[in-house]
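S.K.: Have a look at this one before I ask anything.
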Amino acid sequence: MPTYVYQVIQPDGEGECFEIVQRMTDPPLTRHPQTGAPVQRVPQAPMIGGDHSTAADKRKMSDSNLDRLGFTKYVKSGNGYDKVAGKGPDLKNISKNMQGLP
């Protein structure tokens with residue numbers, strides 16, 4: 001359900017703004033739900049997922065996209081880190097080789 005912004009109608013034009021979640025089929029509010037003061041709906045731009053949406057961020061950080069772009073992704077596991085994307089070194093082998101180092 002969308003969130004709508006309403007403003008209390010004041011003689012000077014400066015009224016409190018508040019948000020309320022409503023179905024699109026519900027009629028617009030005409031009165032403040034708590035005070036009963038007259039209100040009007042304030043036009044807002046719709047929230048459309050684009051280049052900067054959460055879904056777009058998840059696609060950009062997907063394992064397949066990181067691999068395609070030449071990045072290596074590691075995920076922490078019980079034994080250290082597992083490589084899940086990319087062509088970088090296997091950290092399990094590196095940590096085993098480094099155990100004898102001071």
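Chain lettering (A, B, ...) mirrors the order of the structure tokens, residue numbering begins at 1 for each chain separately, and ligand numbering begins at 1 in order of display.
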Go through range 6-75 of chain A and collect every residue that DSSP, computed from the backbone, puts in strand (DSSP E); the answer should be as a list in words.
M.R.: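 Output for range 6-75 of chain A, strand (DSSP E) only: Tyr6, Gln7, Val8, Cys17, Phe18, Glu19, Ile20, Val21, Val39, Gln40, Arg41, Val42, Lys73, Tyr74 and Val75 of chain A.
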S.K.: Any idea what's packed within 12 Å of range 22-38 of chain A, counting only C-alpha atoms, ignoring anything in its chain fewer than 3 positions away? Could you give it as a PyMOL selection string?
M.R.: chain A and resi 1-11+15-19+41-43
S.K.: How many Å separate CA of Gly86 in chain A from CA of Asp67 in chain A?
M.R.: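 CA of Asp67 in chain A lies 4.4 Å from CA of Gly86 in chain A.
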S.K.: What lies within 8 Å of Gly88 in chain A using only C-alpha atoms, ignoring chain neighbours under 4 positions off, as a PyMOL selection string?
M.R.: chain A and resi 71-72+83
S.K.: Identify, with DSSP run on backbone atoms, the residues in chain A assigned to alpha helix (DSSP H), and express the list as a VMD selection string.
M.R.: chain A and resid 54 to 60 63 to 68 91 to 98
S.K.: Mind pulling up the distance from CA of Leu91 in chain A to CA of Tyr74 in chain A?
M.R.: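 Answer for the CA of Tyr74 in chain A to CA of Leu91 in chain A separation: 8.5 Å.
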